[in-house]
Structure formats: structure tokens, C-alpha cells
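What follows is the content of input.txt (compact mmCIF, C-alpha atoms).
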```
# COMPACT_ATOMS: atom_id res chain seq x y z
CA MET Y 189 -3.51 21.75 1.72
CA PHE Y 190 -0.40 21.16 3.81
CA LYS Y 191 1.36 24.10 5.44
CA PHE Y 192 4.96 23.77 6.56
CA THR Y 193 6.44 26.37 8.93
CA SER Y 194 10.08 26.78 9.91
CA GLN Y 195 10.44 28.53 13.29
CA HIS Y 196 14.21 28.85 12.79
CA ASN Y 197 14.09 31.22 9.81
CA MET Y 198 10.44 32.29 10.21
CA LEU Y 199 9.60 31.25 6.65
CA GLU Y 200 6.33 29.68 5.64
CA SER Y 201 5.60 27.65 2.54
CA SER Y 202 2.39 25.97 1.42
CA VAL Y 203 2.05 23.00 -0.91
CA SER Y 204 -1.32 21.81 -2.15
CA PHE Y 205 -1.91 18.23 -3.28
CA ARG Y 206 -4.48 15.46 -2.95
CA CYS Y 207 -3.41 12.84 -0.48
CA ARG Y 208 -4.44 10.25 2.08
CA LEU Y 209 -3.21 9.83 5.61
CA ARG Y 210 -2.59 6.15 6.34
CA ARG Y 211 -1.55 3.99 9.24
CA LYS Y 212 1.91 2.47 8.86
CA ALA Y 213 2.01 -1.28 9.50
CA TRP Y 214 5.72 -2.10 9.60
CA ARG Y 215 6.73 -0.90 6.11
CA ASN Y 216 3.35 -1.31 4.47
CA PRO Y 217 0.54 1.23 3.92
CA SER Y 218 -2.42 0.20 6.05
CA GLY Y 219 -5.65 1.79 7.33
CA ILE Y 220 -6.85 4.93 5.56
CA PHE Y 221 -8.13 7.71 7.80
CA THR Y 222 -11.31 9.40 6.62
CA ASN Y 223 -11.35 13.10 5.76
CA ASP Y 224 -13.36 14.02 8.86
CA ALA Y 225 -10.91 12.37 11.27
CA THR Y 226 -8.59 14.54 13.38
CA LEU Y 227 -5.12 13.67 14.58
CA HIS Y 228 -6.25 14.19 18.17
CA GLU Y 229 -9.06 11.64 17.74
CA LEU Y 230 -6.73 9.14 16.09
CA LEU Y 231 -4.22 9.32 18.92
CA LEU Y 232 -6.96 8.98 21.54
CA ARG Y 233 -8.32 5.93 19.72
CA ASP Y 234 -4.92 4.28 19.29
CA SER Y 235 -1.99 5.50 21.39
CA THR Y 236 0.37 3.09 19.59
CA ILE Y 237 0.39 5.25 16.44
CA THR Y 238 3.90 6.65 16.09
CA GLU Y 239 4.33 6.81 12.30
CA LEU Y 240 1.99 7.57 9.41
CA PHE Y 241 2.14 7.35 5.64
CA VAL Y 242 1.09 10.22 3.38
CA GLU Y 243 -0.09 8.78 0.07
CA VAL Y 244 -0.10 11.32 -2.76
CA LEU Y 245 -3.04 10.60 -5.05
CA ASP Y 246 -3.24 10.85 -8.80
CA SER Y 247 -5.40 13.66 -10.12
CA GLY Y 248 -7.53 11.32 -12.21
CA PRO Y 249 -11.15 10.54 -11.30
CA ASP Y 250 -10.40 6.81 -11.02
CA ARG Y 251 -8.92 7.24 -7.53
CA MET Y 252 -11.96 6.93 -5.26
CA GLU Y 253 -12.00 8.56 -1.86
CA VAL Y 254 -12.47 6.38 1.20
CA GLU Y 255 -15.10 8.33 3.10
CA GLN Y 256 -16.54 5.56 5.25
CA ILE Y 257 -14.73 3.42 7.78
CA THR Y 258 -16.69 0.38 6.53
CA LEU Y 259 -15.08 0.58 3.08
CA LEU Y 260 -12.03 -1.53 2.30
CA GLN Y 261 -9.18 -0.47 0.01
CA ILE Y 262 -7.03 -3.17 -1.58
CA TYR Y 263 -4.36 -3.34 -4.27
CA LEU Y 264 -4.54 -5.68 -7.25
CA ARG Y 265 -1.92 -7.06 -9.63
CA ARG Y 266 -2.69 -9.33 -12.53
CA TRP Y 267 -0.52 -12.41 -12.87
CA ARG Y 268 -0.04 -13.66 -16.43
CA PRO Y 269 1.16 -17.27 -16.21
CA SER Y 270 1.68 -17.65 -19.96
CA THR Y 271 4.38 -14.95 -19.93
CA PHE Y 272 5.46 -15.02 -16.25
CA GLN Y 273 4.73 -11.30 -15.89
CA LEU Y 274 2.86 -9.09 -13.41
CA ASP Y 275 0.79 -6.09 -14.47
CA PRO Y 276 1.11 -2.73 -12.66
CA VAL Y 277 -0.67 -2.16 -9.34
CA LEU Y 278 -4.35 -1.15 -9.41
CA GLU Y 279 -6.58 0.03 -6.59
CA LEU Y 280 -10.02 -1.27 -5.66
CA ILE Y 281 -12.43 0.23 -3.10
CA LEU Y 282 -14.93 -2.26 -1.70
CA SER Y 283 -18.14 -1.96 0.25
CA ASP Y 284 -18.74 -5.70 -0.12
CA TRP Y 285 -15.78 -7.78 1.09
CA THR Y 286 -16.90 -11.11 -0.39
CA LEU Y 287 -14.70 -12.92 -2.91
CA ALA Y 288 -17.71 -13.11 -5.23
CA ASN Y 289 -17.92 -9.31 -5.30
CA ILE Y 290 -14.17 -8.93 -5.77
CA ARG Y 291 -14.28 -11.32 -8.73
CA LYS Y 292 -17.15 -9.30 -10.18
CA GLU Y 293 -15.20 -6.04 -9.86
CA ILE Y 294 -12.06 -7.60 -11.35
CA SER Y 295 -14.11 -8.94 -14.26
CA LEU Y 296 -15.28 -5.40 -15.01
CA ILE Y 297 -11.71 -4.08 -14.87
CA SER Y 298 -9.94 -6.85 -16.79
CA GLY Y 299 -12.52 -8.38 -19.08
CA ILE Y 300 -11.92 -11.83 -17.60
CA ASP Y 301 -15.09 -13.87 -17.24
CA GLU Y 302 -16.25 -13.63 -13.62
CA GLY Y 303 -16.20 -17.40 -13.18
CA ASN Y 304 -12.59 -17.58 -14.38
CA VAL Y 305 -11.10 -15.01 -11.98
CA SER Y 306 -8.62 -16.73 -9.66
CA LEU Y 307 -7.41 -14.94 -6.50
CA ALA Y 308 -4.57 -15.15 -3.99
CA LYS Y 309 -3.39 -12.85 -1.21
CA VAL Y 310 0.24 -11.80 -1.30
CA ARG Y 311 2.36 -11.53 1.82
CA GLY Y 312 5.45 -9.47 2.32
CA GLN Y 313 6.47 -5.87 1.85
CA PHE Y 314 4.48 -3.64 -0.51
CA PRO Y 315 4.34 -3.81 -3.54
CA CYS Y 316 5.06 -7.52 -3.00
CA ASN Y 317 7.57 -8.21 -5.75
CA ILE Y 318 7.88 -11.94 -5.12
CA PRO Y 319 9.81 -14.08 -7.65
CA ALA Y 320 7.66 -14.86 -10.68
CA VAL Y 321 8.81 -18.48 -10.70
CA ASP Y 322 7.26 -18.93 -7.23
CA ILE Y 323 3.88 -17.27 -7.83
CA GLU Y 324 2.06 -20.25 -9.27
CA ASP Y 325 3.15 -22.87 -6.73
CA GLU Y 326 3.96 -20.94 -3.55
CA MET Y 327 0.74 -18.93 -3.27
CA HIS Y 328 -2.62 -20.17 -1.95
CA TRP Y 329 -4.96 -19.66 -4.91
CA ASP Y 330 -8.74 -19.59 -4.48
CA PRO Y 331 -9.12 -20.49 -0.78
CA ASP Y 332 -12.50 -21.92 0.20
CA ILE Y 333 -13.77 -18.83 2.03
CA ILE Y 334 -16.64 -16.39 1.58
CA ASP Y 335 -14.90 -13.06 2.20
CA VAL Y 336 -11.36 -11.75 2.46
CA SER Y 337 -11.50 -11.31 6.24
CA ALA Y 338 -11.49 -15.09 6.74
CA PHE Y 339 -8.35 -17.23 7.04
CA PRO Y 340 -6.07 -17.75 5.11
CA MET Y 341 -6.50 -14.34 3.50
CA ALA Y 342 -7.31 -12.66 6.83
CA VAL Y 343 -7.59 -9.15 5.41
CA ALA Y 344 -8.57 -6.90 8.33
CA ASP Y 345 -7.46 -3.47 7.12
CA ASP Y 346 -6.74 -1.39 4.04
CA GLY Y 347 -3.63 -1.95 1.95
CA ALA Y 348 -3.69 -5.71 1.32
CA VAL Y 349 -2.31 -6.89 -2.04
CA LEU Y 350 -4.16 -9.52 -4.06
CA PHE Y 351 -2.94 -11.21 -7.23
CA TYR Y 352 -5.51 -12.35 -9.76
CA LYS Y 353 -5.32 -14.34 -12.97
CA ASP Y 354 -7.46 -15.88 -15.67
CA ARG Y 355 -7.71 -19.54 -14.65
CA THR Y 356 -8.05 -20.52 -18.34
CA GLU Y 357 -4.70 -18.94 -19.26
CA PRO Y 358 -2.13 -21.72 -19.73
CA LEU Y 359 1.02 -21.85 -17.61
CA ALA Y 360 4.24 -21.56 -19.57
CA VAL Y 361 6.68 -24.41 -19.00
CA LEU Y 362 10.12 -22.90 -18.49
CA THR Y 363 13.47 -24.57 -18.77
CA ASP Y 364 16.06 -24.03 -16.05
CA GLU Y 365 17.81 -21.52 -18.30
CA GLN Y 366 14.58 -19.59 -18.89
CA LYS Y 367 13.88 -19.51 -15.15
CA LYS Y 368 17.35 -18.08 -14.62
CA GLU Y 369 16.68 -15.38 -17.21
CA VAL Y 370 13.38 -14.44 -15.51
CA LYS Y 371 15.13 -14.09 -12.16
CA GLU Y 372 17.92 -11.97 -13.66
CA LYS Y 373 15.41 -9.60 -15.30
CA GLU Y 374 13.51 -9.24 -12.02
CA SER Y 375 16.70 -8.55 -10.10
CA ALA Y 376 17.78 -5.88 -12.60
CA LYS Y 377 14.34 -4.23 -12.44
CA LEU Y 378 14.39 -4.13 -8.63
CA GLN Y 379 17.84 -2.55 -8.63
CA LYS Y 380 16.59 0.24 -10.93
CA THR Y 381 13.59 1.01 -8.74
CA LYS Y 382 15.43 0.77 -5.40
CA PRO Y 383 15.73 4.29 -3.87
CA ALA Y 384 19.20 5.64 -3.32
CA VAL Y 385 20.20 5.97 0.32
CA LYS Y 386 22.02 9.19 1.19
CA ILE Y 387 24.37 8.84 4.14
CA PRO Y 388 24.80 12.17 5.97
CA SER Y 389 28.37 13.38 6.37
CA LYS Y 390 27.72 14.52 9.91
CA ALA Y 391 25.28 13.74 12.67
CA GLU Y 392 21.86 15.29 12.15
CA ARG Y 393 20.16 17.26 14.90
CA PRO Y 394 16.90 15.67 16.08
CA LEU Y 395 13.63 17.38 15.25
CA LYS Y 396 11.57 18.23 18.35
CA ILE Y 397 7.84 18.82 18.08
CA TYR Y 398 5.97 20.41 20.99
CA THR Y 399 2.28 20.82 21.63
CA MET Y 400 1.02 24.33 22.31
CA GLY Y 401 0.90 23.58 26.05
CA ASP Y 402 4.53 22.48 26.09
CA HIS Y 403 5.55 25.53 24.08
CA ASP Y 404 3.74 27.95 26.43
CA SER Y 405 5.30 26.37 29.52
CA ARG Y 406 8.77 26.70 28.01
CA LEU Y 407 8.17 30.39 27.37
CA ASP Y 408 6.89 30.94 30.92
CA SER Y 409 9.98 29.29 32.41
CA GLN Y 410 12.41 31.60 30.54
CA PRO Y 411 13.87 34.48 32.63
CA ASN Y 412 12.69 38.00 31.84
```

Using C-alpha cells, write down the structure that the file contains.
Amino acid sequence: MFKFTSQHNMLESSVSFRCRLRRKAWRNPSGIFTNDATLHELLLRDSTITELFVEVLDSGPDRMEVEQITLLQIYLRRWRPSTFQLDPVLELILSDWTLANIRKEISLISGIDEGNVSLAKVRGQFPCNIPAVDIEDEMHWDPDIIDVSAFPMAVADDGAVLFYKDRTEPLAVLTDEQKKEVKEKESAKLQKTKPAVKIPSKAERPLKIYTMGDHDSRLDSQPN
């Protein structure tokens, strides 16, 4: 439950929804804070925290809660080389960070034989919409490592995006014209999903947030 209070007009409104509080790493969602964590503890642990993400969760039971700091949350997208398409983003919660375990979990989700699951970590801004014509050749597929924390994947926190594919699925051979069509479709899709930016007509007043100690000292300093 989140409760928002406006001191200016003395109105209160409450909105209830399931969500996660996450660290913001540049523009990407990163570490998930457990339910028992407090903002005070987080700031004491890491004074560099200046911005956070609030991730609104679906109501379905498939969205697991991250209750232990040892768990790792990653995002998955399936790459289909025969059609040059990416499936929607899925979430995976891991207690075992090894690639063998990730392949096992992906096999259960996708139906791909465990031995045929191929993996690559994606870099860039979430949700990592890199050009489809570059996915096969520009990404480092199946690095020789045991778990995702090792280089070159180097996953150290929640929010990493991994692509996976069926290694037995054939790669479509595209002509230059077909590659151009793929790029044009991707560009049109990104334009549709890009959020509109509203430019204010006048300068906005900054929002000031005070702790209770600051607020009390301001009241004490006012003349009677």
C-alpha cells in the first residue's frame, strides 16, 4: 500500500498495488530490495542511492517474490533465428546461478531440449531492443563459463537480460532487401512504443522533501 499526502491542499489519497522497489542503474532496473528492508537501512548501506525504480507487478501467480538477497532475478527473451524475431520478455528467479541450471529452467519454460539451449547476455538499455540482423553475429553466444557471474556475462545484480535460442533452429539467410525490411519494421515498432515527452509551458517548481527533524526545526525557527 502506498499513501500519497499533499501538504498544500491537505488531501490524502491511497493506492494499493503489488510492486517491487529496485535500484536504478543508469536507466536500467537493477537490484531488488526485499520486503523486510527499510529505506533507512538502504541509505545507510549505500549512500550513493539517489533514484529508485518502482516496478508494478502483474497479479498472476507466475511473478515470484524475491525474498532472499541470495536470489537472482533476470529477464529472458527468446531469439528465433529462422524468423528473425524476439519473443516477449519473461522473468526468471534463480537460487542457482549456474548456466546449467538456467538452461534447465529455460527448457521447462520453452520446451527446448536442455542440451540445445543457447545463451547470450545482452548489453544496453532495458529491454535491449538491439537490431535483429546483429543478434546472431554481434552477441557472444555460449561463453565457456560455469555461472553468470563470470566474465564475459559478469552478472552481479538483478535485472540482467539474457537471450536464448534453440541451437538446432536454422538461421534464415536474408537478402539485403529483406534485411532492410526487418530494420524498417523494428524502427516502426520502436516509434510506437516510445513514450511521448510532454514539455511544460512554464518552469516547474522543485519538490522539496524534508525529514521529520528538518520539518520540526523549520517550525521552531518561525516567529510566534

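The shortest atom-to-atom distance to Leu278 of chain Y, with only C-alpha atoms taken into account, belongs to Y:Val349 out of Y:Ala360, Y:Val349, Y:Ser337, Y:Thr236.
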
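Atom pair atom CA of Arg206 of chain Y / atom CA of Lys309 of chain Y has a distance of 28.4 Å (rounded to one decimal).
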
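All residues of protein, DNA or RNA that reach within 7 Å of Ile281 of chain Y, judged by only C-alpha atoms and not counting those fewer than 6 positions away in the chain, are Leu259, Leu260, Gln261 and Ile262 of chain Y.
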
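Shortest atom-to-atom contact with Arg265 of chain Y among Y:Arg311, Y:Ala344, Y:Glu279, Y:Lys377: Y:Glu279, counting all atoms listed in the file.
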
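For the atom pair formed by atom CA of Arg215 of chain Y and atom CA of Ile334 of chain Y, the distance is 28.4 Å, given to one decimal.
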
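One finds atom CA of Arg211 of chain Y at 11.6 Å from atom CA of Leu227 of chain Y.
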
Discussion item. At a cut-off of 12 Å around the point (12.2, -17.8, -18.3) (file coordinates), what residues fall inside when counting all atoms listed in the file? I'd like the answer as a ChimeraX atom specification.
Written reply: /Y:269-273,319-321,359-374

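Proximity to Pro331 of chain Y at 12 Å, evaluated using only C-alpha atoms and with sequence-adjacent residues fewer than 2 positions away removed, yields Leu287, Ser306, Leu307, Ala308, Lys309, Met327, His328, Trp329, Ile333, Ile334, Asp335, Val336, Ser337, Ala338, Phe339, Pro340, Met341 and Ala342 of chain Y.
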
Worksheet item: Neighbours of segment 299-301 of chain Y within 12 Å (all atoms listed in the file; same-chain residues fewer than 2 positions away dropped), as a PyMOL selection string?
Response: chain Y and resi 266+291-297+303-306+352-357

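Proximity of Y:Asp330, Y:Glu302, Y:Val310, Y:Arg210 to Ala225 of chain Y, computed with all atoms listed in the file, is greatest for Y:Arg210.
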
Can you pull out every residue within 10 Å of Leu209 of chain Y, counting only C-alpha atoms, but drop anything in the same chain fewer than 3 positions away, and send it as a short mmCIF file (atom, residue, chain, number, x, y, z; two decimals) with C-alpha atoms, in the coordinates of the input?
```cif
data_model
loop_
_atom_site.label_atom_id
_atom_site.label_comp_id
_atom_site.auth_asym_id
_atom_site.auth_seq_id
_atom_site.Cartn_x
_atom_site.Cartn_y
_atom_site.Cartn_z
CA LYS Y 212 1.91 2.47 8.86
CA PRO Y 217 0.54 1.23 3.92
CA SER Y 218 -2.42 0.20 6.05
CA GLY Y 219 -5.65 1.79 7.33
CA ILE Y 220 -6.85 4.93 5.56
CA PHE Y 221 -8.13 7.71 7.80
CA THR Y 222 -11.31 9.40 6.62
CA ASN Y 223 -11.35 13.10 5.76
CA ALA Y 225 -10.91 12.37 11.27
CA LEU Y 227 -5.12 13.67 14.58
CA LEU Y 240 1.99 7.57 9.41
CA PHE Y 241 2.14 7.35 5.64
CA VAL Y 242 1.09 10.22 3.38
CA GLU Y 243 -0.09 8.78 0.07
CA VAL Y 244 -0.10 11.32 -2.76
#
```
